[in-house]
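Heads up: the structure comes next, in structure tokens.
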Amino acid sequence: MLIKSTLNEFIKIAAKPRSYLGLAAITVLVGVILFALKADGMSFISFVTASFEQTLTFEGNILNGNLVAFIVLQMLVIHIPLLVALVTGDLVSGEAAMGTIRMLATKPISRTKLLMSKFVAGGVYTLLIVIWLGIMAVFVGKVIFGSGDLMVLNSDGLVILQEADIGWRYIGGFAVAFLALLTVSSLSICLSCFSDNSIGPIVTTMAIIILFTIIGTLDVRVFDNVRPLLFTTHMASWRSFFEDPLPVAQIKESIVILVIHNIVLILISIFKFNRKDITS
Amino acid sequence: MKKILWLILIAIVPVATNAQDANQTISELINKMHGVKDYSVDALITSDIPMVKILPSKATIYFKQKDKFKIDSKGIAILPKQGFTDISKMLSQRDAYTAIFMGNEAIAGTNAEVISVFPVSDTSDLILAKLWIDASNDIVLKSQITTRSSGTVGIVYTYAAQKKWGLPDQLIFTVDVKKFKIPKGVATDINRTGTTDSTKPAAKTGEIKIDLTNYKVNLGIKDEVFTK
Amino acid sequence: MDTAEKMIEVNHLSKRFDSFEAVKDVSFTVNKGDVFGFLGPNGAGKSTTIRCMLSLITPTSGDVKLFGKFLASHRSEILKRVGCIIEKPDFYKYLSAERNLEIFARISGVDSNRKDIHRMLDFVGLNGREKHKVSGFSHGMKQRLGIAQSLLHNPDMIILDEPTTGLDPQGIIDIRNLILQLSREQNKTILLSSHQLSEIEIIANRMVIINRGVTVIEGEVAHLLNAQELIVRMEVNDVALTLSLLKEEFAQIIVQREEGNVLHFSVNRNHIPDLIKKCVARDILIYAIESKRKLEDYFIQMVTN
């Protein structure tokens with residue numbers, strides 16, 4: 001019954017116009033960034049490497065597809081969660097608003113399975129978003145800009161990663177990015193269980209992300225203990241795959257924190273949804 | 001009176017002689033350099049620069065008289081801004097500098113003439129170039145170039161098979177790094193919570209080593225190589 | 001001894017929402033083959049009770065048994081045999097009728113193929129509309145589609161919460177006929193909640209009335225309503241003479257009230273022709289005579305007391 005319900009959820013997601021909004025938005029956003037970098041990307045790089053270029057010169061294809069993909073991912077870290085929440089935040093509350101939750105909840109499928117099928121469908125949609133982002137950023141980026149070594153600017157200096165060493169980093173980075181976005185999906189579905197309208201969970205999800213991101217970036221001691229526990233702190237962990245040496249312990253910690261967030265959010269959702277009186 | 005004049009003459013002659021020696025040494029150096037019409041060489045570039053992490057990278061260097069120069073790198077290579085062709089460019093314009101013999105110094109067991117080169121123009125980017133030249137082989141063993149824009153770059157030259165052409169098989173550049181700064185707001189690890197060790201003194205220089213192999217000298221290189 | 005199989009048993013059901021008690025103490029039983037009327041004024045707790053029966057709402061106390069099994073512990077097993085429409089049926093507007101039924105069929109515990117779905121759409125009068133999006137459906141069409149989704153898995157019992165709300169007279173008749181067909185031809189047990197007293201009277205064999213969350217009365221419709229009894233309103237020219245006639249000739253008639261020249265009284269419908277004849281014989285002029293079913297009065301009486 002779980003598989004059948006999940007199939008139902010895929011059909012519903014695929015039939016909603018808003019599901020394609022995310023994919024279209026990524027296409028347009030990435031397209032704009034690629035266009036801008038193609039037009040004047042070298043100025044952007046010069047700004048970044050300005051102080052090094054007084055004594056050093058950088059030879060080779062710096063503005064290549066790998067760097068462009070990195071810049072795209074870096075720029076869209078706040079925007080992609082919204083595109084995910086736009087669809088997943090509607091999965092439960094949208095049904096309540098439409099009244100179809102009433103129809104679903106009188107069927108012989110348990111509420112837990114019904115909810116889990118929404119989590120699975122939301123997760124698959126999130127994966128689709130990440131894959132599409134990867135195709136647009138990495139693949140299309142390489143088609144336009146060619147390939148080459150990747151130059152990453154960290155707060156402690158430049159890291160230049162060789163082209164042959166980048167592929168697995170992007171795979172790892174995207175995997176962690178997917179886990180981070182899955183947390184956003186789980187959060188929005190969880191909030192969706194508490195609401196009977198679509199907009200509330202979506203806006204609340206984004207508000208939480210923005211709030212946690214601000215807490216994470218404010219360099220004040222009072223937040224030192226809280227910061228490592230916030231899922232937004234670990235949303236940027238995909239970047240760790242582009243450091244040398246690879247901070248394995250840090251990456252593992254981020255994965256564990258994000259997985260725990262997902263589990264807790266799912267459990268809260270199941271608890272709430274099973275006890276919810278469906279009066280709409 | 002006569003005695004004083006003799007003393008002055010004795011003092012000036014070595015200076016005049018040394019100035020003539022410096023120019024002579026440089027002329028011979030330039031003549032040897034001009035013997036190389038063109039060359040291509042494979043380079044392995046190893047960088048040890050504070051605030052920059054990069055694995056050794058490969059490149060091919062092309063040169064053609066009188067000033068065509070190109071570095072062809074598949075990946076990203078970091079090279080010093082100054083030091084490759086600056087010496088030969090600078091020394092070719094004989095009216096643009098004054099060369100002064102500063103003495104002799106032993107470099108790796110070889111006796112080298114130390115010659116300082118001062119630009120004539122006040123507006124030149126070059127402030128001073130100091131060369132340690134093996135006059136018997138007409139090769140530069142070491143150089144130190146100070147410019148307004150790039151600070152001081154020191155280069156150590158090692159020669160082997162291509163010594164007859166004056167082409168080194170290894171260059172070690174030492175560059176100034178104290179001006180390096182990361183622009184705030186552009187650094188991308190926004191959530192990094194680790195702190196930098198402020199007790200360690202900040203490094204002031206970095207090193208770039210270039211190993212040169214597989215020289216192809218005077219085999220002819222098309223001009224298109226330098227334009228594409 | 002009551003040997004009928006009990007399909008629904010609601011025992012002392014109560015439901016409190018914060019400080020508001022929507023259902024206080026509702027109990028009733030529905031037997032196999034019943035068309036059971038579930039009556040009550042607005043806000044009586046009908047919808048809340050039905051939602052408790054279908055696990056949409058968790059009762060505060062009391063229990064619900066369907067097919068002899070507790071709903072709380074046998075939910076999936078029970079709901080496979082139940083079809084329902086709660087208030088207005090809502091569908092996925094952006095999907096077609098066919099696709100909507102596929103979705104609900106998939107989680108109803110049956111393997112329905114396209115043929116079954118088309119057959120069902122045909123049964124409810126929506127053939128030719130399979131591919132049309134529900135967003136373009138009228139209220140009546142959605143109601144039909146709702147019935148289709150409630151029947152697709154061939155349930156033993158159907159629960160309908162106000163299925164004729166918003167329908168035109170023809171729509172009401174169609175739904176009534178459908179219910180009767182399901183009951184008589186397919187022997188399905190039907191619980192039907194409605195405001196339409198006349199509908200309940202026509203199609204239900206048993207009923208319960210609840211008010212303010214409490215069961216008021218339960219029993220067979222014929223027994224409770226006694227449709228022979230009517231409440232009559234008669235306007236005459238001479239009230240005193242009419243009262244005198246009633247006292248002499250129709251002692252069993254009880255006059256409930258007088259309003260000027262209008263008399264209100266309860267009478268068996270078989271006595272009305274005779275009453276009129278005797279009024280005419282005594283030169284009592286009858287300006288108007290109208291009757292209403294005792295059910296309406298009974299209902300109003302039950303729910304206003």
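Following the order of the structure tokens, chains are lettered A, B, ..., residues in each are numbered from 1, and ligands are numbered from 1.
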TODO: Can you pull out every residue within 12 Å of Lys277 (chain C), counting only C-alpha atoms, but drop anything in the same chain fewer than 6 positions away, and send it as a VMD selection string?
DONE: chain C and resid 245 249 271 283 to 286
Open item on the list: Considering only strand (DSSP E or B) as DSSP defines it on the backbone, what residues of region 84-244 of chain C qualify? List them as a ChimeraX atom specification.
Closed with: /C:84-85,96,133,157-161,189-193,206-211,214-220,229-236
Open item on the list: Using Å and a single decimal, report how far CA of Gly109 (chain C) sits from CA of Leu66 (chain C).
Closed with: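 Rounded to one decimal, the two atoms are 17.4 Å apart.
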Open item on the list: Within 9 Å of chain B, which residues belong to chain A? Use only C-alpha atoms and report them as number ranges by chain.
Closed with: A: 47-62, 74, 147-163, 216-217, 219, 233-234, 236-237, 239-240, 244
Now that the selection is made, can you save its residues with C-alpha atoms as a PDB file, in the first residue's frame?
ATOM      1  CA  PHE A  47      38.402  40.664  -8.100  1.00  0.00           C
ATOM      2  CA  VAL A  48      38.827  37.429  -6.189  1.00  0.00           C
ATOM      3  CA  THR A  49      42.527  36.959  -7.044  1.00  0.00           C
ATOM      4  CA  ALA A  50      43.456  40.635  -7.047  1.00  0.00           C
ATOM      5  CA  SER A  51      45.850  40.584  -4.125  1.00  0.00           C
ATOM      6  CA  PHE A  52      47.593  37.459  -5.408  1.00  0.00           C
ATOM      7  CA  GLU A  53      48.047  38.924  -8.869  1.00  0.00           C
ATOM      8  CA  GLN A  54      50.480  41.537  -7.639  1.00  0.00           C
ATOM      9  CA  THR A  55      53.199  38.928  -7.443  1.00  0.00           C
ATOM     10  CA  LEU A  56      51.693  35.891  -9.109  1.00  0.00           C
ATOM     11  CA  THR A  57      50.071  35.106 -12.409  1.00  0.00           C
ATOM     12  CA  PHE A  58      47.521  32.364 -12.990  1.00  0.00           C
ATOM     13  CA  GLU A  59      47.911  30.433 -16.209  1.00  0.00           C
ATOM     14  CA  GLY A  60      45.412  28.001 -17.712  1.00  0.00           C
ATOM     15  CA  ASN A  61      41.665  27.944 -18.197  1.00  0.00           C
ATOM     16  CA  ILE A  62      40.568  29.403 -14.873  1.00  0.00           C
ATOM     17  CA  GLN A  74      27.444  28.940  -4.061  1.00  0.00           C
ATOM     18  CA  SER A 147      36.755  21.911 -18.325  1.00  0.00           C
ATOM     19  CA  GLY A 148      39.817  22.493 -16.163  1.00  0.00           C
ATOM     20  CA  ASP A 149      41.170  22.761 -12.645  1.00  0.00           C
ATOM     21  CA  LEU A 150      38.964  24.295  -9.981  1.00  0.00           C
ATOM     22  CA  MET A 151      40.085  27.343  -8.019  1.00  0.00           C
ATOM     23  CA  VAL A 152      38.273  27.697  -4.699  1.00  0.00           C
ATOM     24  CA  LEU A 153      38.637  30.749  -2.509  1.00  0.00           C
ATOM     25  CA  ASN A 154      38.393  29.997   1.211  1.00  0.00           C
ATOM     26  CA  SER A 155      38.824  32.366   4.105  1.00  0.00           C
ATOM     27  CA  ASP A 156      42.340  30.992   4.633  1.00  0.00           C
ATOM     28  CA  GLY A 157      43.440  31.128   1.015  1.00  0.00           C
ATOM     29  CA  LEU A 158      43.156  29.625  -2.434  1.00  0.00           C
ATOM     30  CA  VAL A 159      42.841  25.923  -3.126  1.00  0.00           C
ATOM     31  CA  ILE A 160      43.384  24.686  -6.647  1.00  0.00           C
ATOM     32  CA  LEU A 161      42.030  21.233  -7.315  1.00  0.00           C
ATOM     33  CA  GLN A 162      43.100  19.277 -10.361  1.00  0.00           C
ATOM     34  CA  GLU A 163      40.501  18.390 -12.929  1.00  0.00           C
ATOM     35  CA  GLY A 216      24.975  30.701  12.035  1.00  0.00           C
ATOM     36  CA  THR A 217      26.807  33.615  10.489  1.00  0.00           C
ATOM     37  CA  ASP A 219      30.077  35.572  15.043  1.00  0.00           C
ATOM     38  CA  THR A 233      25.128  25.296   9.458  1.00  0.00           C
ATOM     39  CA  HIS A 234      25.501  21.972   7.713  1.00  0.00           C
ATOM     40  CA  ALA A 236      26.878  24.395   3.251  1.00  0.00           C
ATOM     41  CA  SER A 237      28.791  21.207   4.025  1.00  0.00           C
ATOM     42  CA  ARG A 239      31.642  22.851   0.145  1.00  0.00           C
ATOM     43  CA  SER A 240      33.800  20.704   2.394  1.00  0.00           C
ATOM     44  CA  ASP A 244      42.256  19.957   0.644  1.00  0.00           C
TER      45      ASP A 244
END
For a quick test of understanding: name the residues of chain C lying within 10 Å of chain A when counting only C-alpha atoms, and present them as a short mmCIF file (atom, residue, chain, number, x, y, z; two decimals) with C-alpha atoms, in the first residue's frame.
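So out-v3.cif came out as:
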data_model
loop_
_atom_site.label_atom_id
_atom_site.label_comp_id
_atom_site.auth_asym_id
_atom_site.auth_seq_id
_atom_site.Cartn_x
_atom_site.Cartn_y
_atom_site.Cartn_z
CA PHE C 17 -12.79 20.16 20.87
CA SER C 47 -20.76 15.25 10.93
CA THR C 48 -18.57 14.86 13.99
CA ARG C 51 -16.10 11.46 11.16
CA CYS C 52 -15.54 9.48 14.36
CA MET C 53 -17.03 6.44 12.63
CA LEU C 54 -14.56 6.80 9.78
CA SER C 55 -11.46 7.49 11.92
CA LEU C 56 -11.16 11.09 10.72
CA ILE C 57 -11.62 12.23 14.30
CA THR C 58 -10.56 10.47 17.49
CA PRO C 59 -13.43 10.28 20.02
CA HIS C 74 -9.17 -2.94 12.99
CA ARG C 75 -9.19 0.24 11.01
CA SER C 76 -7.66 -0.93 7.71
CA GLU C 77 -9.65 -4.14 7.64
CA ILE C 78 -12.91 -2.26 8.29
CA LEU C 79 -12.37 0.63 5.88
CA LYS C 80 -11.79 -1.79 2.99
CA ARG C 81 -15.49 -2.60 3.28
CA VAL C 82 -16.74 0.96 3.68
CA GLY C 83 -17.39 3.60 1.04
CA CYS C 84 -18.23 7.15 2.05
CA ILE C 85 -18.88 10.73 1.08
CA ILE C 86 -18.28 13.26 3.83
CA GLU C 87 -20.04 16.56 3.12
CA LYS C 88 -19.07 17.64 -0.36
CA PRO C 89 -16.71 15.28 -2.16
CA ASP C 90 -13.40 16.96 -2.95
CA PHE C 91 -11.12 15.86 -5.71
CA TYR C 92 -7.86 16.86 -7.30
CA LYS C 93 -9.06 19.63 -9.57
CA TYR C 94 -6.01 19.46 -11.78
CA LEU C 95 -6.59 15.77 -12.55
CA ARG C 99 -7.22 9.83 -12.80
CA ASN C 100 -8.93 10.84 -9.56
CA GLU C 102 -7.44 5.67 -10.09
CA ILE C 103 -5.77 7.44 -7.20
CA PHE C 104 -8.46 6.58 -4.71
CA ALA C 105 -8.89 3.05 -6.03
CA ARG C 106 -5.19 2.40 -5.61
CA ILE C 107 -5.36 2.93 -1.85
CA SER C 108 -8.78 1.34 -1.36
CA GLY C 109 -7.36 -2.15 -1.32
CA GLY C 146 -18.02 11.10 -5.18
CA GLN C 149 -15.29 6.70 -5.70
CA SER C 150 -17.26 5.39 -2.74
#
- [ ] May I ask which of the residues C:Ile202, C:Leu151, C:Ala72, C:Leu121 is the closest one to Val221 (chain C), counting only C-alpha atoms?
- [x] C:Ile202
TODO: Write out as a list in words each polymer residue whose atoms come within 6 Å of Leu191 (chain C), counting only C-alpha atoms; drop sequence neighbours fewer than 3 positions from it.
DONE: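 Near Leu191 (chain C), the qualifying residues are Val35, Phe36 and Ile159 of chain C.
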Task: Separation of CA of Leu37 (chain A) from CA of Val77 (chain A), in Å and rounded to one decimal - done: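 Separating CA of Leu37 (chain A) from CA of Val77 (chain A) is a distance of 18.0 Å.
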Task: All helix (DSSP H, G or I) residues (DSSP, backbone) inside region 122-203 of chain C, as a count of residues only - done: 43
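Between CA of Trp238 (chain A) and CA of Met75 (chain A) lies a distance of 13.2 Å.
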TODO: Please identify all polymer residues within 10 Å of Ser194 (chain C), counting only C-alpha atoms, omitting same-chain residues fewer than 6 positions from it, and present them as a PyMOL selection string.
DONE: chain C and resi 37-41+46+160-165+200
